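Here is upload-v3.pdb, consisting of PDB, C-alpha atoms:
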```
ATOM      1  CA  ASN D 197       0.000   0.000   0.000
ATOM      2  CA  ALA D 198       1.230   3.467  -0.888
ATOM      3  CA  GLY D 199      -0.906   5.063   1.847
ATOM      4  CA  VAL D 200      -1.538   8.748   1.137
ATOM      5  CA  THR D 201       0.226  10.336  -1.816
ATOM      6  CA  GLN D 202       0.301  13.974  -2.912
ATOM      7  CA  THR D 203       1.093  15.589  -6.236
ATOM      8  CA  PRO D 204       3.129  17.739  -6.815
ATOM      9  CA  LYS D 205       5.810  17.873  -4.113
ATOM     10  CA  PHE D 206       6.856  21.441  -4.882
ATOM     11  CA  ARG D 207       5.323  24.290  -6.860
ATOM     12  CA  VAL D 208       6.036  27.972  -7.421
ATOM     13  CA  LEU D 209       3.177  30.186  -8.622
ATOM     14  CA  LYS D 210       2.831  33.816  -9.492
ATOM     15  CA  THR D 211       0.088  35.867  -7.846
ATOM     16  CA  GLY D 212      -3.205  35.276  -9.630
ATOM     17  CA  GLN D 213      -2.310  31.911 -11.127
ATOM     18  CA  SER D 214      -4.378  28.845 -10.410
ATOM     19  CA  MET D 215      -3.455  25.280  -9.594
ATOM     20  CA  THR D 216      -4.824  22.010  -8.254
ATOM     21  CA  LEU D 217      -3.206  19.776  -5.663
ATOM     22  CA  LEU D 218      -4.051  16.112  -5.883
ATOM     23  CA  CYS D 219      -4.342  13.735  -2.948
ATOM     24  CA  ALA D 220      -4.876  10.002  -3.330
ATOM     25  CA  GLN D 221      -5.293   7.249  -0.737
ATOM     26  CA  ASP D 222      -5.467   3.497  -1.197
ATOM     27  CA  MET D 223      -6.758   2.552   2.259
ATOM     28  CA  ASN D 224     -10.463   2.799   1.381
ATOM     29  CA  HIS D 225     -10.896   5.573   3.940
ATOM     30  CA  GLU D 226     -14.166   7.492   4.065
ATOM     31  CA  TYR D 227     -12.743  10.711   5.464
ATOM     32  CA  MET D 228     -10.184  12.969   3.800
ATOM     33  CA  TYR D 229      -8.708  16.327   4.826
ATOM     34  CA  TRP D 230      -6.594  19.196   3.580
ATOM     35  CA  TYR D 231      -4.405  21.137   6.017
ATOM     36  CA  ARG D 232      -1.939  23.935   5.695
ATOM     37  CA  GLN D 233       1.123  24.186   7.920
ATOM     38  CA  ASP D 234       2.658  27.533   8.734
ATOM     39  CA  PRO D 235       5.551  28.220  11.117
ATOM     40  CA  GLY D 236       4.468  28.318  14.750
ATOM     41  CA  MET D 237       0.806  27.691  13.918
ATOM     42  CA  GLY D 238       0.638  23.933  13.726
ATOM     43  CA  LEU D 239      -1.728  22.520  11.134
ATOM     44  CA  ARG D 240      -4.976  24.242  10.272
ATOM     45  CA  LEU D 241      -7.833  22.480   8.539
ATOM     46  CA  ILE D 242      -8.827  23.978   5.189
ATOM     47  CA  HIS D 243     -11.584  21.637   3.968
ATOM     48  CA  TYR D 244     -12.575  18.078   4.639
ATOM     49  CA  SER D 245     -14.814  15.364   3.234
ATOM     50  CA  VAL D 246     -16.766  12.632   4.997
ATOM     51  CA  GLY D 247     -17.483  10.693   1.837
ATOM     52  CA  GLU D 248     -17.491  10.644  -1.935
ATOM     53  CA  GLY D 249     -19.332  13.643  -3.325
ATOM     54  CA  THR D 250     -19.349  15.573  -0.034
ATOM     55  CA  THR D 251     -17.143  18.395   1.199
ATOM     56  CA  ALA D 252     -17.211  20.788   4.145
ATOM     57  CA  LYS D 253     -15.348  23.885   5.269
ATOM     58  CA  GLY D 254     -12.688  23.712   7.909
ATOM     59  CA  GLU D 255     -11.005  26.434   9.897
ATOM     60  CA  VAL D 256      -9.408  28.408   7.028
ATOM     61  CA  PRO D 257     -11.389  27.727   3.810
ATOM     62  CA  ASP D 258     -11.217  31.126   2.116
ATOM     63  CA  GLY D 259      -9.405  31.154  -1.220
ATOM     64  CA  TYR D 260      -9.619  27.366  -1.659
ATOM     65  CA  ASN D 261     -12.044  24.950  -3.252
ATOM     66  CA  VAL D 262     -12.165  21.165  -3.064
ATOM     67  CA  SER D 263     -13.772  18.243  -4.810
ATOM     68  CA  ARG D 264     -14.220  14.568  -3.927
ATOM     69  CA  LEU D 265     -15.525  12.959  -7.104
ATOM     70  CA  LYS D 266     -13.955   9.599  -6.283
ATOM     71  CA  LYS D 267     -13.592   8.061  -2.854
ATOM     72  CA  GLN D 268      -9.848   7.687  -3.188
ATOM     73  CA  ASN D 269      -9.106  11.234  -4.421
ATOM     74  CA  PHE D 270      -9.435  14.655  -2.822
ATOM     75  CA  LEU D 271      -8.481  17.714  -4.856
ATOM     76  CA  LEU D 272      -7.564  21.133  -3.489
ATOM     77  CA  GLY D 273      -7.831  24.094  -5.856
ATOM     78  CA  LEU D 274      -6.492  27.607  -5.702
ATOM     79  CA  GLU D 275      -8.349  29.738  -8.240
ATOM     80  CA  SER D 276      -6.270  32.902  -7.850
ATOM     81  CA  ALA D 277      -3.168  32.354  -5.760
ATOM     82  CA  ALA D 278      -2.018  34.978  -3.257
ATOM     83  CA  PRO D 279       1.305  35.284  -1.386
ATOM     84  CA  SER D 280      -0.604  34.553   1.861
ATOM     85  CA  GLN D 281      -1.188  31.048   0.500
ATOM     86  CA  THR D 282       2.524  30.263   0.571
ATOM     87  CA  SER D 283       2.606  27.259   2.858
ATOM     88  CA  VAL D 284       3.100  23.528   3.123
ATOM     89  CA  TYR D 285      -0.086  21.626   2.345
ATOM     90  CA  PHE D 286      -0.831  18.235   3.824
ATOM     91  CA  CYS D 287      -3.536  15.806   2.886
ATOM     92  CA  ALA D 288      -4.758  13.162   5.325
ATOM     93  CA  SER D 289      -7.325  10.395   5.470
ATOM     94  CA  SER D 290      -9.003   8.333   8.164
ATOM     95  CA  SER D 291     -11.533   5.573   8.571
ATOM     96  CA  VAL D 292     -14.934   6.043  10.161
ATOM     97  CA  LEU D 293     -14.754   5.908  13.947
ATOM     98  CA  GLY D 294     -15.791   2.531  15.190
ATOM     99  CA  GLN D 295     -14.074   0.451  12.529
ATOM    100  CA  GLY D 296     -11.749  -1.325  14.944
ATOM    101  CA  GLY D 297     -11.548   1.854  16.970
ATOM    102  CA  ARG D 298      -8.931   3.281  14.657
ATOM    103  CA  ASN D 299      -9.710   6.916  14.005
ATOM    104  CA  GLU D 300      -6.242   8.344  13.602
ATOM    105  CA  GLN D 301      -5.411  10.258  10.483
ATOM    106  CA  PHE D 302      -2.761   9.148   7.989
ATOM    107  CA  PHE D 303      -0.825  11.937   6.335
ATOM    108  CA  GLY D 304       0.754  12.438   2.956
ATOM    109  CA  PRO D 305       4.300  13.790   2.509
ATOM    110  CA  GLY D 306       3.157  17.347   1.801
ATOM    111  CA  THR D 307       3.311  19.895  -1.020
ATOM    112  CA  ARG D 308       5.475  22.976  -0.578
ATOM    113  CA  LEU D 309       3.819  25.889  -2.385
ATOM    114  CA  THR D 310       5.381  29.295  -2.894
ATOM    115  CA  VAL D 311       3.353  32.168  -4.313
ATOM    116  CA  LEU D 312       5.414  35.092  -5.568
TER
ATOM    117  CA  GLY H 181     -14.562  25.234  20.560
ATOM    118  CA  ASN H 182     -11.726  22.785  20.910
ATOM    119  CA  SER H 183      -8.157  23.950  21.417
ATOM    120  CA  VAL H 184      -4.753  22.472  22.180
ATOM    121  CA  THR H 185      -1.867  24.273  23.841
ATOM    122  CA  GLN H 186       1.625  22.864  23.907
ATOM    123  CA  MET H 187       4.914  24.271  25.057
ATOM    124  CA  GLU H 188       6.837  26.324  22.592
ATOM    125  CA  GLY H 189      10.226  25.182  21.451
ATOM    126  CA  PRO H 190      12.776  24.685  20.428
ATOM    127  CA  VAL H 191      13.762  22.210  23.084
ATOM    128  CA  THR H 192      17.450  21.334  22.920
ATOM    129  CA  LEU H 193      18.683  18.267  24.777
ATOM    130  CA  SER H 194      21.736  16.075  25.000
ATOM    131  CA  GLU H 195      21.512  12.421  24.053
ATOM    132  CA  GLU H 196      20.136  10.209  26.868
ATOM    133  CA  ALA H 197      18.419  13.160  28.559
ATOM    134  CA  PHE H 198      14.810  13.040  29.766
ATOM    135  CA  LEU H 199      12.242  14.706  27.540
ATOM    136  CA  THR H 200       8.897  16.186  28.557
ATOM    137  CA  ILE H 201       6.615  18.142  26.259
ATOM    138  CA  ASN H 202       3.571  19.621  27.964
ATOM    139  CA  CYS H 203       0.180  19.554  26.294
ATOM    140  CA  THR H 204      -3.146  20.772  27.657
ATOM    141  CA  TYR H 205      -6.470  20.864  25.907
ATOM    142  CA  THR H 206      -9.934  22.375  25.978
ATOM    143  CA  ALA H 207     -12.754  20.310  24.515
ATOM    144  CA  THR H 208     -16.425  19.587  24.792
ATOM    145  CA  GLY H 209     -17.304  15.963  25.306
ATOM    146  CA  TYR H 210     -14.719  13.223  25.512
ATOM    147  CA  PRO H 211     -12.027  13.632  22.866
ATOM    148  CA  SER H 212      -9.384  11.194  21.747
ATOM    149  CA  LEU H 213      -5.846  12.525  22.205
ATOM    150  CA  PHE H 214      -2.867  12.040  19.938
ATOM    151  CA  TRP H 215       0.798  12.808  19.580
ATOM    152  CA  TYR H 216       2.080  13.086  16.032
ATOM    153  CA  VAL H 217       5.736  13.410  15.038
ATOM    154  CA  GLN H 218       7.129  15.127  11.958
ATOM    155  CA  TYR H 219      10.685  14.311  10.939
ATOM    156  CA  PRO H 220      12.523  16.811   8.726
ATOM    157  CA  GLY H 221      11.061  16.986   5.235
ATOM    158  CA  GLU H 222       8.313  14.470   5.938
ATOM    159  CA  GLY H 223       4.620  14.360   6.723
ATOM    160  CA  LEU H 224       3.142  13.677  10.144
ATOM    161  CA  GLN H 225       3.175  10.200  11.642
ATOM    162  CA  LEU H 226       1.083   9.006  14.537
ATOM    163  CA  LEU H 227       3.337   8.442  17.545
ATOM    164  CA  LEU H 228       0.767   7.381  20.133
ATOM    165  CA  LYS H 229      -2.809   7.922  21.172
ATOM    166  CA  ALA H 230      -5.275   7.535  24.038
ATOM    167  CA  THR H 231      -9.022   7.342  23.685
ATOM    168  CA  LYS H 232     -10.298   7.689  27.253
ATOM    169  CA  ALA H 233      -9.337   9.052  30.655
ATOM    170  CA  ASP H 234      -6.379   7.347  32.387
ATOM    171  CA  ASP H 235      -5.366   5.542  29.197
ATOM    172  CA  LYS H 236      -1.633   5.516  28.579
ATOM    173  CA  GLY H 237      -0.370   5.576  25.032
ATOM    174  CA  SER H 238       3.158   4.353  24.344
ATOM    175  CA  ASN H 239       5.410   3.787  21.362
ATOM    176  CA  LYS H 240       9.162   3.862  20.632
ATOM    177  CA  GLY H 241       9.927   4.641  24.292
ATOM    178  CA  PHE H 242       7.527   7.601  24.378
ATOM    179  CA  GLU H 243       4.585   7.683  26.775
ATOM    180  CA  ALA H 244       1.637   9.973  27.467
ATOM    181  CA  THR H 245      -1.280   9.574  29.887
ATOM    182  CA  TYR H 246      -4.757  10.994  29.293
ATOM    183  CA  ARG H 247      -5.464  13.093  32.406
ATOM    184  CA  LYS H 248      -9.062  14.284  32.394
ATOM    185  CA  GLU H 249      -8.796  16.053  35.752
ATOM    186  CA  THR H 250      -5.981  18.305  34.514
ATOM    187  CA  THR H 251      -6.994  18.185  30.815
ATOM    188  CA  SER H 252      -3.441  17.219  29.922
ATOM    189  CA  PHE H 253      -1.596  14.725  27.729
ATOM    190  CA  HIS H 254       2.100  15.344  28.378
ATOM    191  CA  LEU H 255       4.634  13.455  26.262
ATOM    192  CA  GLU H 256       7.663  11.881  27.961
ATOM    193  CA  LYS H 257      10.691   9.831  27.020
ATOM    194  CA  GLY H 258      13.287   8.662  29.497
ATOM    195  CA  SER H 259      16.368   8.683  27.251
ATOM    196  CA  VAL H 260      16.301  10.525  23.943
ATOM    197  CA  GLN H 261      18.431   9.771  20.916
ATOM    198  CA  VAL H 262      19.641  11.993  18.093
ATOM    199  CA  SER H 263      17.084  10.266  15.862
ATOM    200  CA  ASP H 264      14.276  11.714  18.052
ATOM    201  CA  SER H 265      14.999  15.178  16.683
ATOM    202  CA  ALA H 266      11.711  16.235  15.107
ATOM    203  CA  VAL H 267       8.645  18.406  15.591
ATOM    204  CA  TYR H 268       6.017  16.951  17.918
ATOM    205  CA  PHE H 269       2.334  17.852  17.678
ATOM    206  CA  CYS H 270      -0.346  17.257  20.272
ATOM    207  CA  ALA H 271      -3.849  16.900  18.851
ATOM    208  CA  LEU H 272      -7.396  15.953  19.779
ATOM    209  CA  SER H 273     -10.376  14.715  17.862
ATOM    210  CA  ASP H 274     -14.051  14.473  18.517
ATOM    211  CA  ARG H 275     -14.435  11.008  20.007
ATOM    212  CA  PHE H 276     -17.720  10.196  18.391
ATOM    213  CA  GLY H 277     -16.671  11.164  14.939
ATOM    214  CA  ALA H 278     -19.654  13.409  14.361
ATOM    215  CA  ALA H 279     -17.346  16.002  12.895
ATOM    216  CA  GLY H 280     -15.554  13.547  10.642
ATOM    217  CA  ASN H 281     -12.752  12.814  13.105
ATOM    218  CA  LYS H 282     -11.439  16.333  12.627
ATOM    219  CA  LEU H 283      -8.184  16.974  14.435
ATOM    220  CA  THR H 284      -7.346  20.119  16.354
ATOM    221  CA  PHE H 285      -3.579  20.593  16.594
ATOM    222  CA  GLY H 286      -1.290  22.400  18.956
ATOM    223  CA  GLY H 287       1.379  24.649  17.478
ATOM    224  CA  GLY H 288       4.097  22.002  17.538
ATOM    225  CA  THR H 289       7.296  21.712  19.573
ATOM    226  CA  ARG H 290      10.628  21.365  17.830
ATOM    227  CA  VAL H 291      13.035  19.037  19.636
ATOM    228  CA  LEU H 292      16.735  18.958  18.838
ATOM    229  CA  VAL H 293      18.863  16.231  20.387
ATOM    230  CA  LYS H 294      22.612  16.772  20.279
ATOM    231  CA  PRO H 295      25.155  13.944  20.481
TER
END
```

Give the structure from this file in structure tokens form.
Amino acid sequence: NAGVTQTPKFRVLKTGQSMTLLCAQDMNHEYMYWYRQDPGMGLRLIHYSVGEGTTAKGEVPDGYNVSRLKKQNFLLGLESAAPSQTSVYFCASSSVLGQGGRNEQFFGPGTRLTVL
Amino acid sequence: GNSVTQMEGPVTLSEEAFLTINCTYTATGYPSLFWYVQYPGEGLQLLLKATKADDKGSNKGFEATYRKETTSFHLEKGSVQVSDSAVYFCALSDRFGAAGNKLTFGGGTRVLVKP
């Protein structure tokens, strides 16, 4: 099993450009998440999904959109990138609580995004 | 709402020293508690967890006990190694999964172990 994978690993954008980050998991997890990590602020939840075709806003959703068309994939889009979106982005997935009691999240390796 | 507070770093130690990272939380209900570790250039990995009061999570020589009375989940290791140098995150999640197992993270504590 590859676990959680993210594409790309690094990206540099100019202000106003758009891009999509792809997250894929092969663990048949129902739940998927997108976080951003900034120095001294831990991880903050951007959007999450509790199943195929569903998405919900997290703590810092502004400027981002997401889609979960397939259970194994969760896409994060930036329509018009801003320097404030320079960050490291992590995707994670987890099973539904109660399935063996395992509710921890499994993380991808991250995408380092710089917006100039 | 839920929140997690952990001690700020960096924490610099010599090899074989004792490590403690304090973590306290505020939550409604009965959360599960986690410690995640992030090694340089990598994503987060689950280090240990506890799902109810007085549970002790342990892994790789690290331990943490879920203390409901003090709302704490302090991480400890008796003898650190250089390979323990990483950033450690305390986190909690809604126990009943109504919010999709969302995690609330502390700010992270960077630990540097010198030979």

Practice problem: Given the file shown, enumerate the residues that the PyMOL selection byres ((chain D and resi 234) around 10) captures and present them as a PyMOL selection string. | Solution: (chain D and resi 231-233+235-240+281-285) or (chain H and resi 287)

What are the closest atom pairs, with distances in Å to one decimal, for all residues of chain D lying within 8 Å of chain H? Consider all atoms listed in the file, order rows by chain and residue number, and present the result as CSV.
```
residue,atom,partner,partner_atom,distance
D:Tyr227,CA,H:Gly280,CA,6.5
D:Gly236,CA,H:Gly287,CA,5.5
D:Met237,CA,H:Gly287,CA,4.7
D:Gly238,CA,H:Gly287,CA,3.9
D:Leu239,CA,H:Phe285,CA,6.1
D:Arg240,CA,H:Phe285,CA,7.4
D:Ser245,CA,H:Gly280,CA,7.7
D:Val246,CA,H:Gly280,CA,5.8
D:Phe286,CA,H:Gly223,CA,7.3
D:Ser290,CA,H:Asn281,CA,7.7
D:Val292,CA,H:Gly277,CA,7.2
D:Leu293,CA,H:Gly277,CA,5.7
D:Asn299,CA,H:Asn281,CA,6.7
D:Glu300,CA,H:Leu226,CA,7.4
D:Gln301,CA,H:Leu226,CA,7.8
D:Phe302,CA,H:Gln225,CA,7.0
D:Phe303,CA,H:Leu224,CA,5.8
D:Gly304,CA,H:Gly223,CA,5.7
D:Pro305,CA,H:Gly223,CA,4.3
D:Gly306,CA,H:Gly223,CA,5.9
```

Exercise. Return as a VMD selection string the set of residues that the PyMOL selection byres ((chain H and resi 191) around 7) yields on the displayed structure.
Key: chain H and resid 189 to 190 192 to 193 290 to 292

Could the residues in this selection be saved with C-alpha atoms as a PDB file, keeping the file's coordinate frame?
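Done, and the output landed in again_4.pdb:
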```
ATOM      1  CA  GLY H 189      10.226  25.182  21.451  1.00  0.00           C
ATOM      2  CA  PRO H 190      12.776  24.685  20.428  1.00  0.00           C
ATOM      3  CA  THR H 192      17.450  21.334  22.920  1.00  0.00           C
ATOM      4  CA  LEU H 193      18.683  18.267  24.777  1.00  0.00           C
ATOM      5  CA  ARG H 290      10.628  21.365  17.830  1.00  0.00           C
ATOM      6  CA  VAL H 291      13.035  19.037  19.636  1.00  0.00           C
ATOM      7  CA  LEU H 292      16.735  18.958  18.838  1.00  0.00           C
TER       8      LEU H 292
END
```

Written as a PDB file with C-alpha atoms, in the frame of the given file, what is the full residue list that the PyMOL selection byres ((chain D and resi 252-267) around 8) yields on the file shown?
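Just written: out.pdb:
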```
ATOM      1  CA  ASN D 224     -10.463   2.799   1.381  1.00  0.00           C
ATOM      2  CA  HIS D 225     -10.896   5.573   3.940  1.00  0.00           C
ATOM      3  CA  GLU D 226     -14.166   7.492   4.065  1.00  0.00           C
ATOM      4  CA  ARG D 240      -4.976  24.242  10.272  1.00  0.00           C
ATOM      5  CA  LEU D 241      -7.833  22.480   8.539  1.00  0.00           C
ATOM      6  CA  ILE D 242      -8.827  23.978   5.189  1.00  0.00           C
ATOM      7  CA  HIS D 243     -11.584  21.637   3.968  1.00  0.00           C
ATOM      8  CA  TYR D 244     -12.575  18.078   4.639  1.00  0.00           C
ATOM      9  CA  SER D 245     -14.814  15.364   3.234  1.00  0.00           C
ATOM     10  CA  GLY D 247     -17.483  10.693   1.837  1.00  0.00           C
ATOM     11  CA  GLU D 248     -17.491  10.644  -1.935  1.00  0.00           C
ATOM     12  CA  GLY D 249     -19.332  13.643  -3.325  1.00  0.00           C
ATOM     13  CA  THR D 250     -19.349  15.573  -0.034  1.00  0.00           C
ATOM     14  CA  THR D 251     -17.143  18.395   1.199  1.00  0.00           C
ATOM     15  CA  GLN D 268      -9.848   7.687  -3.188  1.00  0.00           C
ATOM     16  CA  ASN D 269      -9.106  11.234  -4.421  1.00  0.00           C
ATOM     17  CA  PHE D 270      -9.435  14.655  -2.822  1.00  0.00           C
ATOM     18  CA  LEU D 271      -8.481  17.714  -4.856  1.00  0.00           C
ATOM     19  CA  LEU D 272      -7.564  21.133  -3.489  1.00  0.00           C
ATOM     20  CA  GLY D 273      -7.831  24.094  -5.856  1.00  0.00           C
ATOM     21  CA  LEU D 274      -6.492  27.607  -5.702  1.00  0.00           C
ATOM     22  CA  GLU D 275      -8.349  29.738  -8.240  1.00  0.00           C
ATOM     23  CA  SER D 276      -6.270  32.902  -7.850  1.00  0.00           C
ATOM     24  CA  ALA D 277      -3.168  32.354  -5.760  1.00  0.00           C
TER      25      ALA D 277
END
```

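What separates atom CA of H:Lys294 from atom CA of H:Ser265 is a distance of 8.6 Å.
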
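Restricting the calculation to all atoms listed in the file, the smallest distance between H:Ala244 and any of H:Tyr219, H:Ala230, H:Met187, H:Phe198 is found for H:Ala230.
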
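In this structure, atom CA of D:Asn197 sits 11.6 Å away from atom CA of D:Ala220.
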
Quiz item: atom CA of H:Lys257 to atom CA of H:Val184: how many Å, to one decimal?
Solution: 20.5 Å

Residues within 10 Å of H:Thr208, please, as a PDB file with C-alpha atoms, keeping the file's coordinate frame. Count only C-alpha atoms; anything in the same chain fewer than 6 positions from it doesn't count.
```pdb
ATOM      1  CA  GLY H 181     -14.562  25.234  20.560  1.00  0.00           C
ATOM      2  CA  ASN H 182     -11.726  22.785  20.910  1.00  0.00           C
ATOM      3  CA  SER H 183      -8.157  23.950  21.417  1.00  0.00           C
ATOM      4  CA  ASP H 274     -14.051  14.473  18.517  1.00  0.00           C
TER       5      ASP H 274
END
```

Self-check item: Contacts of D:Leu209 at 7 Å (all atoms listed in the file; same-chain gap of 3+ positions) as a PyMOL selection string
Solution: chain D and resi 213+310-312

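Closest approach to D:Pro204 among D:Cys287, D:Met223, D:Ala278, D:Met228: D:Cys287, based on all atoms listed in the file.
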
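Nearest to D:Gly212 of all the residues D:Arg308, D:Ala198, D:Pro279, D:Ser291 is D:Pro279, based on only C-alpha atoms.
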
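In this comparison, which uses all atoms listed in the file, the residue of H:Thr185, H:Pro295, H:Ser259, H:Asp235 approaching H:Cys203 most closely is H:Thr185.
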
Find the axis-aligned box for stretch 216-228 of chain H, covering all its listed atoms and adding 5 Å on each side, and write its centre and edge lengths in Å to one decimal as AutoDock Vina command-line options.
```
--center_x 6.6 --center_y 12.2 --center_z 12.7 --size_x 21.8 --size_y 19.6 --size_z 24.9
```
